[in-house]
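> My structure file target37.txt, compact mmCIF, C-alpha atoms and all ligand atoms, is below:
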# COMPACT_ATOMS: atom_id res chain seq x y z
CA MET A 1 0.00 0.00 0.00
CA ASN A 2 0.96 3.58 -0.55
CA ILE A 3 0.54 5.23 2.86
CA ALA A 4 0.84 8.85 4.04
CA VAL A 5 1.82 9.44 7.66
CA VAL A 6 0.81 13.00 8.56
CA VAL A 7 2.12 14.32 11.85
CA TYR A 8 2.12 17.43 13.95
CA SER A 9 4.68 17.51 16.73
CA GLU A 10 6.32 20.26 18.75
CA SER A 11 8.47 18.52 21.34
CA GLY A 12 8.98 15.22 19.51
CA ASN A 13 6.66 12.81 21.36
CA THR A 14 4.21 12.39 18.49
CA ARG A 15 7.04 12.31 15.96
CA ARG A 16 8.70 9.44 17.86
CA VAL A 17 5.50 7.38 17.74
CA ALA A 18 5.02 8.22 14.05
CA GLU A 19 8.55 7.08 13.31
CA ARG A 20 7.79 3.72 14.91
CA VAL A 21 4.68 3.47 12.73
CA ARG A 22 6.68 4.38 9.65
CA SER A 23 9.41 1.81 10.40
CA ARG A 24 6.87 -0.98 10.88
CA LEU A 25 5.03 -0.13 7.67
CA LEU A 26 8.32 -0.06 5.75
CA GLU A 27 9.28 -3.45 7.24
CA LYS A 28 6.01 -4.79 5.84
CA ASP A 29 6.93 -3.48 2.38
CA HIS A 30 4.48 -0.62 2.27
CA THR A 31 5.49 2.64 0.64
CA VAL A 32 5.41 5.44 3.21
CA GLN A 33 5.42 9.18 2.74
CA TYR A 34 6.11 10.99 6.01
CA LEU A 35 4.61 14.48 6.10
CA GLU A 36 5.08 16.82 9.03
CA LEU A 37 2.76 19.81 9.40
CA GLN A 38 4.50 23.16 9.90
CA THR A 39 2.78 26.20 11.33
CA GLY A 40 3.24 29.92 11.25
CA THR A 41 3.28 31.86 14.49
CA GLY A 42 0.89 30.82 17.22
CA ARG A 43 -0.31 27.59 15.53
CA ARG A 44 -2.96 29.63 13.76
CA GLU A 45 -2.14 28.63 10.20
CA LEU A 46 -0.32 25.93 8.30
CA VAL A 47 2.71 26.88 6.24
CA ASP A 48 1.39 24.47 3.63
CA GLU A 49 -1.41 21.94 3.37
CA PRO A 50 0.09 18.70 2.10
CA SER A 51 -2.06 16.76 -0.33
CA VAL A 52 -3.09 13.22 0.56
CA GLU A 53 -4.60 12.50 -2.85
CA GLY A 54 -3.36 9.25 -4.31
CA TYR A 55 -2.54 7.45 -1.05
CA ASP A 56 -4.35 4.20 -0.25
CA MET A 57 -4.32 4.87 3.46
CA ILE A 58 -3.54 7.78 5.77
CA CYS A 59 -2.22 7.80 9.34
CA LEU A 60 -2.63 10.90 11.48
CA GLY A 61 -0.73 11.69 14.68
CA ALA A 62 -1.11 14.79 16.83
CA PRO A 63 -0.61 15.97 20.40
CA VAL A 64 -3.35 17.02 22.79
CA HIS A 65 -3.37 20.76 23.43
CA HIS A 66 -5.72 22.38 25.95
CA LEU A 67 -7.92 19.28 26.34
CA ALA A 68 -8.38 18.93 22.56
CA VAL A 69 -6.55 17.82 19.44
CA ALA A 70 -3.81 20.32 18.55
CA LYS A 71 -5.17 22.97 16.22
CA PRO A 72 -2.74 22.40 13.30
CA MET A 73 -4.16 18.89 12.81
CA LYS A 74 -7.67 20.34 12.75
CA LEU A 75 -6.55 22.90 10.17
CA PHE A 76 -5.09 20.10 8.07
CA LEU A 77 -8.30 18.06 8.18
CA ARG A 78 -10.33 21.13 7.32
CA SER A 79 -8.18 21.57 4.20
CA ILE A 80 -9.28 18.13 2.94
CA GLN A 81 -12.45 18.02 0.88
CA ALA A 82 -13.04 14.28 0.67
CA LEU A 83 -11.30 11.10 1.73
CA HIS A 84 -13.25 8.89 -0.67
CA GLY A 85 -13.74 5.89 1.61
CA ARG A 86 -10.06 5.55 2.44
CA THR A 87 -8.90 4.22 5.79
CA VAL A 88 -7.56 6.92 8.10
CA ALA A 89 -5.87 5.60 11.25
CA TYR A 90 -5.34 8.16 13.98
CA PHE A 91 -3.56 8.52 17.31
CA VAL A 92 -2.74 11.23 19.81
CA THR A 93 -0.12 11.75 22.50
CA GLN A 94 -0.82 13.56 25.75
CA GLY A 95 1.10 14.62 28.84
CA GLN A 96 -1.53 13.99 31.49
CA PRO A 97 -1.88 10.45 32.82
CA VAL A 98 -5.63 10.20 32.29
CA ALA A 99 -7.25 9.98 28.85
CA ALA A 100 -10.14 12.12 30.08
CA LEU A 101 -7.74 15.08 30.27
CA GLY A 102 -7.77 15.63 26.53
CA GLY A 103 -7.03 12.37 24.74
CA THR A 104 -10.58 11.07 24.66
CA GLN A 105 -11.92 14.36 23.37
CA ALA A 106 -9.15 14.67 20.78
CA MET A 107 -9.83 11.15 19.47
CA ARG A 108 -13.54 11.91 19.23
CA THR A 109 -12.85 15.06 17.20
CA LEU A 110 -10.50 13.24 14.83
CA LYS A 111 -13.02 10.46 14.29
CA ARG A 112 -15.77 12.93 13.51
CA MET A 113 -13.62 15.02 11.15
CA ILE A 114 -12.48 11.91 9.27
CA ALA A 115 -16.02 10.51 9.02
CA THR A 116 -17.55 13.78 7.82
CA ARG A 117 -15.04 13.75 4.95
CA ALA A 118 -16.07 10.23 3.97
CA GLY A 119 -12.97 8.58 5.37
CA VAL A 120 -13.09 5.35 7.35
CA PRO A 121 -11.71 6.16 10.81
CA VAL A 122 -9.54 3.57 12.56
CA ARG A 123 -8.80 4.36 16.17
CA ALA A 124 -5.15 3.49 16.76
CA GLY A 125 -4.86 4.83 20.32
CA ILE A 126 -3.68 7.34 22.88
CA VAL A 127 -0.13 7.50 24.26
CA ARG A 128 0.13 8.98 27.72
CA VAL A 129 3.78 9.86 27.41
CA ASN A 130 4.57 10.17 31.11
CA ARG A 131 3.30 6.77 32.16
CA LYS A 132 5.38 3.63 32.50
CA GLN A 133 2.90 1.82 30.27
CA SER A 134 3.41 4.22 27.39
CA GLU A 135 5.60 1.73 25.52
CA HIS A 136 2.68 -0.73 25.47
CA GLU A 137 0.44 2.03 24.17
CA VAL A 138 2.90 2.76 21.37
CA GLN A 139 3.12 -0.93 20.48
CA ARG A 140 -0.66 -1.20 20.31
CA ILE A 141 -0.82 1.76 17.96
CA VAL A 142 1.86 0.33 15.70
CA ASP A 143 0.14 -3.09 15.67
CA THR A 144 -3.28 -1.59 14.95
CA ILE A 145 -1.97 0.47 12.04
CA GLU A 146 -0.05 -2.49 10.63
CA ALA A 147 -3.19 -4.64 10.81
CA SER A 148 -5.37 -2.07 9.10
CA ALA A 149 -2.80 -1.65 6.31
CA GLY A 150 -3.21 -5.39 5.69
C1 LIG B 201 0.15 24.18 24.63
C2 LIG B 201 0.08 22.78 25.20
C3 LIG B 201 -1.10 22.32 25.76
C4 LIG B 201 -1.17 21.01 26.28
N1 LIG B 201 -2.37 20.58 26.79
C5 LIG B 201 -2.46 19.30 27.26
C6 LIG B 201 -3.70 18.80 27.76
O1 LIG B 201 -4.73 19.50 27.78
N2 LIG B 201 -3.75 17.53 28.21
C7 LIG B 201 -2.64 16.71 28.20
O2 LIG B 201 -2.74 15.56 28.60
N3 LIG B 201 -1.44 17.16 27.73
C8 LIG B 201 -1.33 18.42 27.26
N4 LIG B 201 -0.13 18.87 26.75
C9 LIG B 201 1.01 17.94 26.69
C10 LIG B 201 1.17 17.34 25.28
O3 LIG B 201 -0.06 16.79 24.82
C11 LIG B 201 2.20 16.21 25.28
O4 LIG B 201 3.42 16.63 25.83
C12 LIG B 201 2.40 15.70 23.87
O5 LIG B 201 2.98 14.42 23.90
C13 LIG B 201 3.27 16.65 23.05
O6 LIG B 201 3.47 16.11 21.77
P1 LIG B 201 4.68 16.60 20.86
O7 LIG B 201 5.97 16.32 21.64
O8 LIG B 201 4.60 15.75 19.65
O9 LIG B 201 4.50 18.04 20.58
C14 LIG B 201 -0.04 20.16 26.24
C15 LIG B 201 1.16 20.65 25.67
C16 LIG B 201 1.22 21.92 25.16
C17 LIG B 201 2.52 22.42 24.54
What does this structure look like when you write it as structure tokens?

Amino acid sequence: MNIAVVVYSESGNTRRVAERVRSRLLEKDHTVQYLELQTGTGRRELVDEPSVEGYDMICLGAPVHHLAVAKPMKLFLRSIQALHGRTVAYFVTQGQPVAALGGTQAMRTLKRMIATRAGVPVRAGIVRVNRKQSEHEVQRIVDTIEASAG
């Protein structure tokens, strides 16, 4: 499969998870394009809006900011007109130890934004970066994305 991994990351946590996803997909002989969203000042606008036309599957990774998915990922999804029934796997990373402090809400928003653009949302998971169990959470995300890539 030809897969786009689209990531927003400021301090590297989400990027690290996305790199694990990318490595696994490459091991399984998928073609992977890694796209990192860049913002202007104050996260209010994207420097560019990468196109995801032509990919068979899309993976999205973003941090939680202020109890919600980070705004640049929302801006990116808003720039997409239609996902044409393609699978879109998504994950978030958060600093707080409890999913209710942002992760759950962020995942809900991503699911809704993917579904309203006629994508097929696949929940890959939440990484709570400061917990001991975070490595298991990362592994689950990587496994889920690998499985949905087939
Ligand atoms: C502006 C800002 C707001 C944040 N708000 C939350 C939050 O509401 N809940 C939470 O669990 N973590 C919050 N965090 C922590 C980040 O979600 C966490 O560190 C994440 O892994 C950062 O990802 P990154 O390293 O890819 O940028 C916040 C971080 C920043 C910079």
> Between CA of Leu67 (chain A) and CA of Ala106 (chain A), what is the distance, to one decimal in Å?
7.3 Å
> Let me make sure I understand: among A:Arg123, A:Arg22, A:His136, A:His66, which one has the smallest atom-to-atom distance to Leu35 (chain A) if we use only C-alpha atoms?
A:Arg22
> Residues within 9 Å of ligand LIG 201 (chain B), counting all atoms listed in the file: report them as a ChimeraX atom specification.
/A:7-17,61-70,92-103,127-130
> May I ask for the distance between CA of Glu53 (chain A) and CA of Val120 (chain A), given in Å to one decimal place?
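Spanning CA of Glu53 (chain A) to CA of Val120 (chain A) is a straight-line distance of 15.1 Å.
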> Figure out the distance between CA of Lys71 (chain A) and CA of Met1 (chain A), please, to one decimal in Å.
28.6 Å
> Between A:Met73, A:Val21, A:Ala147, A:Val52, which residue has the minimum interatomic distance to Thr39 (chain A), considering all atoms listed in the file?
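Between A:Met73, A:Val21, A:Ala147, A:Val52, the residue approaching Thr39 (chain A) most closely is A:Met73.
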> Find the spatial neighbours of region 2-5 of chain A, counting all atoms listed in the file, within a cut-off of 12 Å - ignore same-chain residues fewer than 5 positions away - and output them as a ChimeraX atom specification.
/A:14-15,17-26,28-37,50-62,86-91,145-146,148-150
> Go ahead and write the selection's residues with C-alpha atoms as an mmCIF file, keeping the file's coordinate frame.

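Result file follows (again.cif):
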data_model
loop_
_atom_site.group_PDB
_atom_site.id
_atom_site.type_symbol
_atom_site.label_atom_id
_atom_site.label_comp_id
_atom_site.auth_asym_id
_atom_site.auth_seq_id
_atom_site.Cartn_x
_atom_site.Cartn_y
_atom_site.Cartn_z
ATOM 1 C CA THR A 14 4.210 12.390 18.490
ATOM 2 C CA ARG A 15 7.040 12.310 15.960
ATOM 3 C CA VAL A 17 5.500 7.380 17.740
ATOM 4 C CA ALA A 18 5.020 8.220 14.050
ATOM 5 C CA GLU A 19 8.550 7.080 13.310
ATOM 6 C CA ARG A 20 7.790 3.720 14.910
ATOM 7 C CA VAL A 21 4.680 3.470 12.730
ATOM 8 C CA ARG A 22 6.680 4.380 9.650
ATOM 9 C CA SER A 23 9.410 1.810 10.400
ATOM 10 C CA ARG A 24 6.870 -0.980 10.880
ATOM 11 C CA LEU A 25 5.030 -0.130 7.670
ATOM 12 C CA LEU A 26 8.320 -0.060 5.750
ATOM 13 C CA LYS A 28 6.010 -4.790 5.840
ATOM 14 C CA ASP A 29 6.930 -3.480 2.380
ATOM 15 C CA HIS A 30 4.480 -0.620 2.270
ATOM 16 C CA THR A 31 5.490 2.640 0.640
ATOM 17 C CA VAL A 32 5.410 5.440 3.210
ATOM 18 C CA GLN A 33 5.420 9.180 2.740
ATOM 19 C CA TYR A 34 6.110 10.990 6.010
ATOM 20 C CA LEU A 35 4.610 14.480 6.100
ATOM 21 C CA GLU A 36 5.080 16.820 9.030
ATOM 22 C CA LEU A 37 2.760 19.810 9.400
ATOM 23 C CA PRO A 50 0.090 18.700 2.100
ATOM 24 C CA SER A 51 -2.060 16.760 -0.330
ATOM 25 C CA VAL A 52 -3.090 13.220 0.560
ATOM 26 C CA GLU A 53 -4.600 12.500 -2.850
ATOM 27 C CA GLY A 54 -3.360 9.250 -4.310
ATOM 28 C CA TYR A 55 -2.540 7.450 -1.050
ATOM 29 C CA ASP A 56 -4.350 4.200 -0.250
ATOM 30 C CA MET A 57 -4.320 4.870 3.460
ATOM 31 C CA ILE A 58 -3.540 7.780 5.770
ATOM 32 C CA CYS A 59 -2.220 7.800 9.340
ATOM 33 C CA LEU A 60 -2.630 10.900 11.480
ATOM 34 C CA GLY A 61 -0.730 11.690 14.680
ATOM 35 C CA ALA A 62 -1.110 14.790 16.830
ATOM 36 C CA ARG A 86 -10.060 5.550 2.440
ATOM 37 C CA THR A 87 -8.900 4.220 5.790
ATOM 38 C CA VAL A 88 -7.560 6.920 8.100
ATOM 39 C CA ALA A 89 -5.870 5.600 11.250
ATOM 40 C CA TYR A 90 -5.340 8.160 13.980
ATOM 41 C CA PHE A 91 -3.560 8.520 17.310
ATOM 42 C CA ILE A 145 -1.970 0.470 12.040
ATOM 43 C CA GLU A 146 -0.050 -2.490 10.630
ATOM 44 C CA SER A 148 -5.370 -2.070 9.100
ATOM 45 C CA ALA A 149 -2.800 -1.650 6.310
ATOM 46 C CA GLY A 150 -3.210 -5.390 5.690
#
> Go through A:Ala124, A:Leu77, A:Val47, A:Val138 and flag the residue nearest Arg112 (chain A), using all atoms listed in the file for the distances.
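Looking at the shortest contact to Arg112 (chain A), the residue is A:Leu77.
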> Name the closest residue to Lys74 (chain A) among the candidates A:Thr144, A:Gln38, A:Thr109, A:Ser134; distances are taken between atoms, counting all atoms listed in the file.
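Among the listed residues, A:Thr109 lies closest to Lys74 (chain A).
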> With 4 Å added on each side, what axis-aligned box encloses every listed atom of region 55-62 of chain A? Give the centre and edge lengths in Å to one decimal, as AutoDock Vina command-line options.

--center_x -2.5 --center_y 9.5 --center_z 7.9 --size_x 11.6 --size_y 18.6 --size_z 25.9
